[in-house]
file query.csv (CSV, N, CA and C atoms)
chain,number,residue,atom,x,y,z
A,30,MET,N,-25.3,-3.3,-24.7
A,30,MET,CA,-26.1,-2.6,-23.8
A,30,MET,C,-25.2,-1.8,-22.8
A,31,ASP,N,-25.5,-0.6,-22.5
A,31,ASP,CA,-24.8,0.2,-21.5
A,31,ASP,C,-25.0,-0.4,-20.1
A,32,THR,N,-23.9,-0.8,-19.4
A,32,THR,CA,-24.0,-1.4,-18.1
A,32,THR,C,-24.5,-0.4,-17.1
A,33,ASP,N,-24.4,0.9,-17.3
A,33,ASP,CA,-24.8,1.9,-16.3
A,33,ASP,C,-26.3,2.2,-16.4
A,34,GLU,N,-27.0,1.6,-17.5
A,34,GLU,CA,-28.4,1.8,-17.7
A,34,GLU,C,-29.2,1.0,-16.7
A,35,LEU,N,-30.1,1.7,-16.0
A,35,LEU,CA,-31.0,1.0,-15.1
A,35,LEU,C,-32.3,0.7,-15.8
A,36,ARG,N,-32.7,-0.5,-15.7
A,36,ARG,CA,-33.9,-1.0,-16.4
A,36,ARG,C,-34.8,-1.6,-15.4
A,37,LEU,N,-36.1,-1.4,-15.6
A,37,LEU,CA,-37.1,-2.0,-14.7
A,37,LEU,C,-37.9,-3.0,-15.6
A,38,ASP,N,-37.3,-4.2,-15.8
A,38,ASP,CA,-37.9,-5.3,-16.5
A,38,ASP,C,-38.8,-6.1,-15.6
A,39,ALA,N,-39.6,-7.0,-16.2
A,39,ALA,CA,-40.5,-7.8,-15.5
A,39,ALA,C,-39.9,-8.5,-14.3
A,40,PRO,N,-38.8,-9.1,-14.4
A,40,PRO,CA,-38.2,-9.8,-13.2
A,40,PRO,C,-37.8,-8.8,-12.1
A,41,HIS,N,-37.4,-7.6,-12.5
A,41,HIS,CA,-37.1,-6.6,-11.5
A,41,HIS,C,-38.3,-6.1,-10.8
A,42,ARG,N,-39.4,-5.9,-11.5
A,42,ARG,CA,-40.6,-5.4,-11.0
A,42,ARG,C,-41.2,-6.5,-10.0
A,43,GLU,N,-41.1,-7.7,-10.4
A,43,GLU,CA,-41.6,-8.8,-9.6
A,43,GLU,C,-40.9,-8.9,-8.3
A,44,LEU,N,-39.6,-8.8,-8.4
A,44,LEU,CA,-38.7,-8.9,-7.1
A,44,LEU,C,-39.0,-7.7,-6.2
A,45,LEU,N,-39.1,-6.5,-6.8
A,45,LEU,CA,-39.3,-5.3,-5.9
A,45,LEU,C,-40.7,-5.4,-5.3
A,46,ASP,N,-41.7,-5.9,-6.1
A,46,ASP,CA,-43.1,-6.0,-5.6
A,46,ASP,C,-43.0,-7.0,-4.4
A,47,GLN,N,-42.3,-8.1,-4.5
A,47,GLN,CA,-42.2,-9.1,-3.4
A,47,GLN,C,-41.4,-8.6,-2.2
A,48,ILE,N,-40.4,-7.8,-2.4
A,48,ILE,CA,-39.6,-7.4,-1.3
A,48,ILE,C,-40.1,-6.1,-0.6
A,49,LEU,N,-40.8,-5.2,-1.4
A,49,LEU,CA,-41.2,-4.0,-0.8
A,49,LEU,C,-42.7,-4.0,-0.5
A,50,ASP,N,-43.4,-5.1,-0.5
A,50,ASP,CA,-44.8,-5.1,-0.2
A,50,ASP,C,-45.0,-4.9,1.3
A,51,LYS,N,-46.2,-4.7,1.7
A,51,LYS,CA,-46.6,-4.3,3.0
A,51,LYS,C,-46.1,-5.2,4.1
A,52,TRP,N,-46.2,-6.5,4.0
A,52,TRP,CA,-45.8,-7.4,5.0
A,52,TRP,C,-44.3,-7.7,5.0
A,53,SER,N,-43.7,-7.8,3.8
A,53,SER,CA,-42.3,-8.1,3.7
A,53,SER,C,-41.4,-7.1,4.4
A,54,LEU,N,-41.8,-5.8,4.3
A,54,LEU,CA,-41.0,-4.8,5.0
A,54,LEU,C,-41.1,-5.0,6.5
A,55,SER,N,-42.3,-5.3,7.0
A,55,SER,CA,-42.4,-5.6,8.5
A,55,SER,C,-41.6,-6.8,8.9
A,56,VAL,N,-41.7,-7.9,8.1
A,56,VAL,CA,-41.0,-9.1,8.4
A,56,VAL,C,-39.5,-8.9,8.4
A,57,LEU,N,-39.0,-8.2,7.4
A,57,LEU,CA,-37.6,-7.9,7.3
A,57,LEU,C,-37.1,-7.0,8.5
A,58,ASN,N,-37.9,-6.1,8.8
A,58,ASN,CA,-37.6,-5.2,10.0
A,58,ASN,C,-37.4,-6.1,11.2
A,59,GLU,N,-38.3,-7.0,11.5
A,59,GLU,CA,-38.2,-7.9,12.6
A,59,GLU,C,-36.9,-8.8,12.6
A,60,LEU,N,-36.7,-9.4,11.4
A,60,LEU,CA,-35.7,-10.4,11.2
A,60,LEU,C,-34.3,-9.7,11.2
A,61,CYS,N,-34.2,-8.4,10.9
A,61,CYS,CA,-32.9,-7.7,10.9
A,61,CYS,C,-32.5,-7.6,12.4
A,62,GLU,N,-33.4,-7.6,13.3
A,62,GLU,CA,-33.1,-7.5,14.7
A,62,GLU,C,-32.6,-8.8,15.3
A,63,ARG,N,-33.3,-9.9,14.9
A,63,ARG,CA,-33.0,-11.2,15.5
A,63,ARG,C,-33.8,-12.3,14.8
A,64,PRO,N,-33.3,-13.5,14.8
A,64,PRO,CA,-34.1,-14.6,14.2
A,64,PRO,C,-35.4,-14.8,15.0
A,65,CYS,N,-36.5,-15.2,14.4
A,65,CYS,CA,-37.8,-15.3,15.0
A,65,CYS,C,-38.5,-16.6,14.6
A,66,ARG,N,-39.3,-17.1,15.5
A,66,ARG,CA,-40.2,-18.2,15.1
A,66,ARG,C,-41.5,-17.6,14.5
A,67,PHE,N,-42.3,-18.4,13.8
A,67,PHE,CA,-43.5,-17.9,13.1
A,67,PHE,C,-44.4,-17.1,14.1
A,68,ASN,N,-44.6,-17.7,15.2
A,68,ASN,CA,-45.6,-17.1,16.2
A,68,ASN,C,-45.0,-15.8,16.8
A,69,GLU,N,-43.7,-15.7,16.9
A,69,GLU,CA,-43.1,-14.4,17.3
A,69,GLU,C,-43.3,-13.3,16.3
A,70,LEU,N,-43.2,-13.7,15.0
A,70,LEU,CA,-43.5,-12.8,13.9
A,70,LEU,C,-45.0,-12.3,14.0
A,71,ARG,N,-45.8,-13.3,14.2
A,71,ARG,CA,-47.3,-13.0,14.3
A,71,ARG,C,-47.6,-12.0,15.4
A,72,ARG,N,-46.9,-12.2,16.6
A,72,ARG,CA,-47.1,-11.3,17.7
A,72,ARG,C,-46.5,-9.9,17.4
A,73,ALA,N,-45.4,-9.9,16.7
A,73,ALA,CA,-44.7,-8.6,16.4
A,73,ALA,C,-45.4,-7.8,15.3
A,74,ILE,N,-46.2,-8.5,14.5
A,74,ILE,CA,-46.9,-7.9,13.4
A,74,ILE,C,-48.4,-8.3,13.5
A,75,PRO,N,-49.1,-7.8,14.5
A,75,PRO,CA,-50.5,-8.4,14.8
A,75,PRO,C,-51.5,-8.2,13.7
A,76,GLN,N,-51.3,-7.3,12.8
A,76,GLN,CA,-52.3,-7.1,11.7
A,76,GLN,C,-52.2,-8.1,10.6
A,77,VAL,N,-51.1,-8.9,10.5
A,77,VAL,CA,-50.9,-9.8,9.4
A,77,VAL,C,-51.7,-11.1,9.8
A,78,THR,N,-52.3,-11.7,8.7
A,78,THR,CA,-53.0,-12.9,8.9
A,78,THR,C,-52.0,-14.1,8.8
A,79,GLN,N,-52.4,-15.2,9.3
A,79,GLN,CA,-51.5,-16.4,9.2
A,79,GLN,C,-51.2,-16.7,7.8
A,80,LYS,N,-52.2,-16.7,6.9
A,80,LYS,CA,-52.0,-17.0,5.5
A,80,LYS,C,-51.1,-16.0,4.8
A,81,SER,N,-51.3,-14.7,5.1
A,81,SER,CA,-50.4,-13.7,4.5
A,81,SER,C,-49.0,-13.8,5.0
A,82,LEU,N,-48.8,-14.1,6.3
A,82,LEU,CA,-47.4,-14.2,6.8
A,82,LEU,C,-46.8,-15.4,6.2
A,83,THR,N,-47.5,-16.5,6.1
A,83,THR,CA,-46.9,-17.7,5.5
A,83,THR,C,-46.5,-17.4,4.0
A,84,ALA,N,-47.3,-16.8,3.3
A,84,ALA,CA,-47.0,-16.5,1.9
A,84,ALA,C,-45.8,-15.5,1.8
A,85,THR,N,-45.8,-14.5,2.7
A,85,THR,CA,-44.7,-13.6,2.7
A,85,THR,C,-43.3,-14.3,3.0
A,86,LEU,N,-43.3,-15.1,4.0
A,86,LEU,CA,-42.1,-15.9,4.4
A,86,LEU,C,-41.6,-16.7,3.2
A,87,ARG,N,-42.6,-17.4,2.5
A,87,ARG,CA,-42.2,-18.3,1.4
A,87,ARG,C,-41.6,-17.5,0.3
A,88,ARG,N,-42.2,-16.3,0.0
A,88,ARG,CA,-41.6,-15.5,-1.1
A,88,ARG,C,-40.2,-15.0,-0.7
A,89,LEU,N,-40.0,-14.5,0.5
A,89,LEU,CA,-38.7,-14.0,0.9
A,89,LEU,C,-37.7,-15.1,0.9
A,90,GLU,N,-38.1,-16.3,1.3
A,90,GLU,CA,-37.2,-17.5,1.3
A,90,GLU,C,-36.8,-17.8,-0.1
A,91,ARG,N,-37.8,-17.9,-1.0
A,91,ARG,CA,-37.6,-18.2,-2.4
A,91,ARG,C,-36.6,-17.2,-3.0
A,92,ASN,N,-36.6,-16.0,-2.6
A,92,ASN,CA,-35.7,-14.9,-3.2
A,92,ASN,C,-34.4,-14.9,-2.5
A,93,GLY,N,-34.2,-15.8,-1.5
A,93,GLY,CA,-32.9,-15.9,-0.8
A,93,GLY,C,-32.6,-14.8,0.2
A,94,VAL,N,-33.7,-14.1,0.6
A,94,VAL,CA,-33.6,-13.0,1.5
A,94,VAL,C,-33.6,-13.4,3.0
A,95,ILE,N,-34.4,-14.5,3.2
A,95,ILE,CA,-34.4,-15.1,4.6
A,95,ILE,C,-34.2,-16.6,4.4
A,96,GLU,N,-33.9,-17.3,5.5
A,96,GLU,CA,-33.8,-18.7,5.5
A,96,GLU,C,-34.6,-19.3,6.6
A,97,ARG,N,-35.1,-20.5,6.4
A,97,ARG,CA,-35.9,-21.2,7.3
A,97,ARG,C,-35.1,-22.3,7.9
A,98,GLU,N,-35.1,-22.4,9.3
A,98,GLU,CA,-34.4,-23.4,10.0
A,98,GLU,C,-35.3,-24.2,10.8
A,99,VAL,N,-35.3,-25.5,10.7
A,99,VAL,CA,-36.1,-26.4,11.5
A,99,VAL,C,-35.3,-26.6,12.8
A,100,VAL,N,-35.9,-26.3,13.9
A,100,VAL,CA,-35.3,-26.5,15.2
A,100,VAL,C,-35.8,-27.8,15.8
A,101,SER,N,-34.9,-28.7,16.2
A,101,SER,CA,-35.3,-30.0,16.7
A,101,SER,C,-35.6,-29.9,18.2
A,102,THR,N,-36.8,-29.4,18.4
A,102,THR,CA,-37.3,-29.3,19.8
A,102,THR,C,-38.6,-30.2,19.8
A,103,ARG,N,-39.2,-30.3,20.9
A,103,ARG,CA,-40.5,-31.0,21.0
A,103,ARG,C,-41.5,-30.0,21.4
A,104,PRO,N,-42.5,-29.6,20.6
A,104,PRO,CA,-42.7,-30.0,19.2
A,104,PRO,C,-41.6,-29.3,18.3
A,105,VAL,N,-41.5,-29.8,17.2
A,105,VAL,CA,-40.5,-29.3,16.2
A,105,VAL,C,-40.9,-27.8,15.9
A,106,ALA,N,-40.0,-26.9,15.9
A,106,ALA,CA,-40.3,-25.5,15.6
A,106,ALA,C,-39.5,-25.1,14.4
A,107,VAL,N,-39.9,-24.0,13.8
A,107,VAL,CA,-39.3,-23.4,12.7
A,107,VAL,C,-38.9,-21.9,13.0
A,108,ARG,N,-37.6,-21.6,12.7
A,108,ARG,CA,-37.1,-20.3,13.0
A,108,ARG,C,-36.7,-19.7,11.7
A,109,TYR,N,-36.9,-18.4,11.5
A,109,TYR,CA,-36.6,-17.7,10.3
A,109,TYR,C,-35.5,-16.7,10.7
A,110,ARG,N,-34.5,-16.5,9.8
A,110,ARG,CA,-33.5,-15.5,10.0
A,110,ARG,C,-33.1,-14.9,8.7
A,111,ILE,N,-32.6,-13.7,8.7
A,111,ILE,CA,-32.2,-13.0,7.5
A,111,ILE,C,-30.9,-13.6,7.0
A,112,THR,N,-30.8,-13.6,5.7
A,112,THR,CA,-29.5,-14.1,5.1
A,112,THR,C,-28.6,-13.0,4.9
A,113,PRO,N,-27.3,-13.3,4.6
A,113,PRO,CA,-26.4,-12.2,4.2
A,113,PRO,C,-26.9,-11.4,3.0
A,114,LEU,N,-27.5,-12.0,2.0
A,114,LEU,CA,-28.1,-11.2,0.9
A,114,LEU,C,-29.2,-10.3,1.5
A,115,GLY,N,-30.1,-10.8,2.4
A,115,GLY,CA,-31.1,-10.0,2.9
A,115,GLY,C,-30.6,-8.8,3.7
A,116,LYS,N,-29.5,-9.0,4.4
A,116,LYS,CA,-28.9,-7.9,5.1
A,116,LYS,C,-28.5,-6.7,4.2
A,117,THR,N,-28.2,-7.0,3.0
A,117,THR,CA,-27.8,-6.0,2.0
A,117,THR,C,-29.0,-5.1,1.7
A,118,LEU,N,-30.2,-5.5,2.0
A,118,LEU,CA,-31.4,-4.7,1.7
A,118,LEU,C,-31.5,-3.6,2.8
A,119,ARG,N,-30.9,-3.7,3.9
A,119,ARG,CA,-31.1,-2.7,5.0
A,119,ARG,C,-30.9,-1.3,4.5
A,120,HIS,N,-29.7,-1.0,3.9
A,120,HIS,CA,-29.4,0.3,3.5
A,120,HIS,C,-30.4,0.9,2.5
A,121,PRO,N,-30.7,0.2,1.4
A,121,PRO,CA,-31.6,0.8,0.4
A,121,PRO,C,-33.0,1.0,1.0
A,122,ILE,N,-33.5,0.1,1.9
A,122,ILE,CA,-34.8,0.3,2.5
A,122,ILE,C,-34.7,1.5,3.4
A,123,ASP,N,-33.7,1.7,4.2
A,123,ASP,CA,-33.5,2.8,5.1
A,123,ASP,C,-33.5,4.1,4.3
A,124,VAL,N,-32.9,4.1,3.1
A,124,VAL,CA,-32.8,5.3,2.3
A,124,VAL,C,-34.3,5.7,1.8
A,125,LEU,N,-35.0,4.7,1.4
A,125,LEU,CA,-36.4,4.9,1.0
A,125,LEU,C,-37.3,5.5,2.2
A,126,LEU,N,-37.1,4.9,3.4
A,126,LEU,CA,-37.8,5.4,4.5
A,126,LEU,C,-37.5,6.8,4.9
A,127,VAL,N,-36.2,7.2,4.8
A,127,VAL,CA,-35.8,8.5,5.1
A,127,VAL,C,-36.4,9.5,4.0
A,128,TRP,N,-36.4,9.1,2.8
A,128,TRP,CA,-36.9,9.9,1.7
A,128,TRP,C,-38.4,10.1,2.0
A,129,ALA,N,-39.1,9.0,2.3
A,129,ALA,CA,-40.6,9.1,2.6
A,129,ALA,C,-40.8,10.1,3.8
A,130,SER,N,-40.0,10.0,4.8
A,130,SER,CA,-40.2,10.9,6.0
A,130,SER,C,-39.9,12.3,5.6
A,131,GLN,N,-38.9,12.6,4.9
A,131,GLN,CA,-38.5,13.9,4.6
A,131,GLN,C,-39.5,14.6,3.6
A,132,ASN,N,-40.1,13.8,2.8
A,132,ASN,CA,-41.0,14.3,1.7
A,132,ASN,C,-42.5,14.1,2.1
A,133,MET,N,-42.9,13.6,3.2
A,133,MET,CA,-44.3,13.3,3.5
A,133,MET,C,-45.1,14.6,3.5
A,134,PRO,N,-44.6,15.7,4.0
A,134,PRO,CA,-45.4,17.0,4.0
A,134,PRO,C,-45.8,17.4,2.5
A,135,ALA,N,-44.8,17.3,1.6
A,135,ALA,CA,-45.0,17.6,0.2
A,135,ALA,C,-46.0,16.6,-0.4
A,136,ILE,N,-45.8,15.4,-0.1
A,136,ILE,CA,-46.7,14.3,-0.6
A,136,ILE,C,-48.1,14.5,-0.1
A,137,GLU,N,-48.3,14.8,1.2
A,137,GLU,CA,-49.7,15.1,1.7
A,137,GLU,C,-50.3,16.3,1.0
A,138,HIS,N,-49.5,17.3,0.8
A,138,HIS,CA,-50.0,18.5,0.1
A,138,HIS,C,-50.4,18.2,-1.3
A,139,ALA,N,-49.6,17.4,-2.0
A,139,ALA,CA,-50.0,17.0,-3.4
A,139,ALA,C,-51.2,16.1,-3.4
A,140,ARG,N,-51.4,15.2,-2.4
A,140,ARG,CA,-52.6,14.4,-2.3
A,140,ARG,C,-53.8,15.2,-2.1
A,141,GLU,N,-53.7,16.2,-1.2
A,141,GLU,CA,-54.9,17.0,-0.9
A,141,GLU,C,-55.3,17.8,-2.1
A,142,GLY,N,-54.3,18.4,-2.9
A,142,GLY,CA,-54.6,19.1,-4.1
A,142,GLY,C,-55.2,18.2,-5.1
A,143,PHE,N,-54.7,17.0,-5.3
A,143,PHE,CA,-55.3,16.1,-6.2
A,143,PHE,C,-56.7,15.7,-5.9
A,144,ASP,N,-57.0,15.4,-4.6
A,144,ASP,CA,-58.3,15.0,-4.1
A,144,ASP,C,-59.3,16.2,-4.3
A,145,THR,N,-58.8,17.4,-4.0
A,145,THR,CA,-59.7,18.6,-4.2
A,145,THR,C,-60.1,18.8,-5.7
A,146,ARG,N,-59.1,18.6,-6.6
A,146,ARG,CA,-59.4,18.8,-8.0
A,146,ARG,C,-60.3,17.7,-8.5
A,147,GLU,N,-60.1,16.4,-8.0
A,147,GLU,CA,-61.0,15.3,-8.3
A,147,GLU,C,-62.5,15.6,-7.9
A,148,GLU,N,-62.6,16.1,-6.7
A,148,GLU,CA,-63.9,16.4,-6.1
A,148,GLU,C,-64.6,17.5,-7.0
A,149,GLU,N,-63.8,18.5,-7.3
A,149,GLU,CA,-64.4,19.6,-8.1
A,149,GLU,C,-64.8,19.1,-9.5
A,150,GLU,N,-64.0,18.3,-10.1
A,150,GLU,CA,-64.3,17.8,-11.4
A,150,GLU,C,-65.6,16.9,-11.4
A,151,ALA,N,-65.7,16.2,-10.2
A,151,ALA,CA,-66.9,15.3,-10.1
A,151,ALA,C,-68.1,16.0,-9.7
A,152,GLY,N,-68.0,17.3,-9.4
A,152,GLY,CA,-69.2,18.1,-9.0
A,152,GLY,C,-69.6,18.1,-7.5
A,153,PHE,N,-68.7,17.7,-6.7
A,153,PHE,CA,-69.0,17.6,-5.2
A,153,PHE,C,-68.8,18.9,-4.6

call {"tool": "encode", "arguments": {"input": "query.csv", "output": "structure tokens"}}
result
Amino acid sequence: MDTDELRLDAPHRELLDQILDKWSLSVLNELCERPCRFNELRRAIPQVTQKSLTATLRRLERNGVIEREVVSTRPVAVRYRITPLGKTLRHPIDVLLVWASQNMPAIEHAREGFDTREEEEAGF
């Protein structure tokens, strides 16, 4: 197999789905700045539910992108921090965000054209 060939196999799709989903990007953005406790993340991302945040943190931890640290305080607290592996995501995510910003006008134009054609075909 050619080592320069890029493939999007099931494990790659699963990983990208988990890292690039709605809440993971927000969590990674916060943790790139500083370690946070669960409730700090909830306050920083007010739209996320407790259940969704818990699931997101577990997926990111399972993938080695963040780590969970139990802090021996009273009561016991948990702090999350980005791992060295997680820090390597910063550049590719920034590249995607720049691409989205630069191309948003063209994307909006394409969406409007598509929606108009859909409406015309549906007879609206």

call {"tool": "closest_residue", "arguments": {"input": "query.csv", "among": "A:Glu96, A:Asp123, A:Glu150, A:Asp144", "to": "Leu60 of chain A", "atoms": "only C-alpha atoms"}}
result
A:Glu96

call {"tool": "closest_residue", "arguments": {"input": "query.csv", "among": "A:Thr112, A:Asn58, A:Ser53, A:Ser101", "to": "Leu86 of chain A", "atoms": "only C-alpha atoms"}}
result
A:Ser53

call {"tool": "atom_distance", "arguments": {"input": "query.csv", "atom1": "atom CA of Gln76 of chain A", "atom2": "atom C of Trp52 of chain A"}}
result
10.5 Å

call {"tool": "residues_near_point", "arguments": {"input": "query.csv", "point": "(-39.9, -9.2, -7.8)", "cutoff": "12 Å", "atoms": "only C-alpha atoms", "output": "list in words"}}
result
Leu37, Asp38, Ala39, Pro40, His41, Arg42, Glu43, Leu44, Leu45, Asp46, Gln47, Ile48, Leu49, Asp50, Ser53, Arg88, Leu89, Arg91, Asn92, Gly93 and Val94 of chain A

call {"tool": "select_by_dssp", "arguments": {"input": "query.csv", "residues": "chain A", "states": "helix (DSSP H, G or I)", "output": "PyMOL selection string"}}
result
chain A and resi 39-48+51-62+67-73+79-91+113-116+119-151

call {"tool": "select_by_dssp", "arguments": {"input": "query.csv", "residues": "chain A", "states": "strand (DSSP E)", "output": "MDAnalysis selection string"}}
result
chainID A and resid 65:66 95:100 106:111

call {"tool": "residues_around", "arguments": {"input": "query.csv", "residues": "segment 105-107 of chain A", "least_positions_apart": "6", "cutoff": "7 Å", "atoms": "all atoms listed in the file", "output": "ChimeraX atom specification"}}
result
/A:65-67,97-99

call {"tool": "atom_distance", "arguments": {"input": "query.csv", "atom1": "atom CA of Thr85 of chain A", "atom2": "atom CA of Arg71 of chain A"}}
result
11.9 Å

call {"tool": "atom_distance", "arguments": {"input": "query.csv", "atom1": "atom N of Pro75 of chain A", "atom2": "atom N of Ala135 of chain A"}}
result
28.5 Å

call {"tool": "closest_residue", "arguments": {"input": "query.csv", "among": "A:Val124, A:Ile95, A:Leu70, A:Ala139", "to": "Arg110 of chain A", "atoms": "all atoms listed in the file"}}
result
A:Ile95
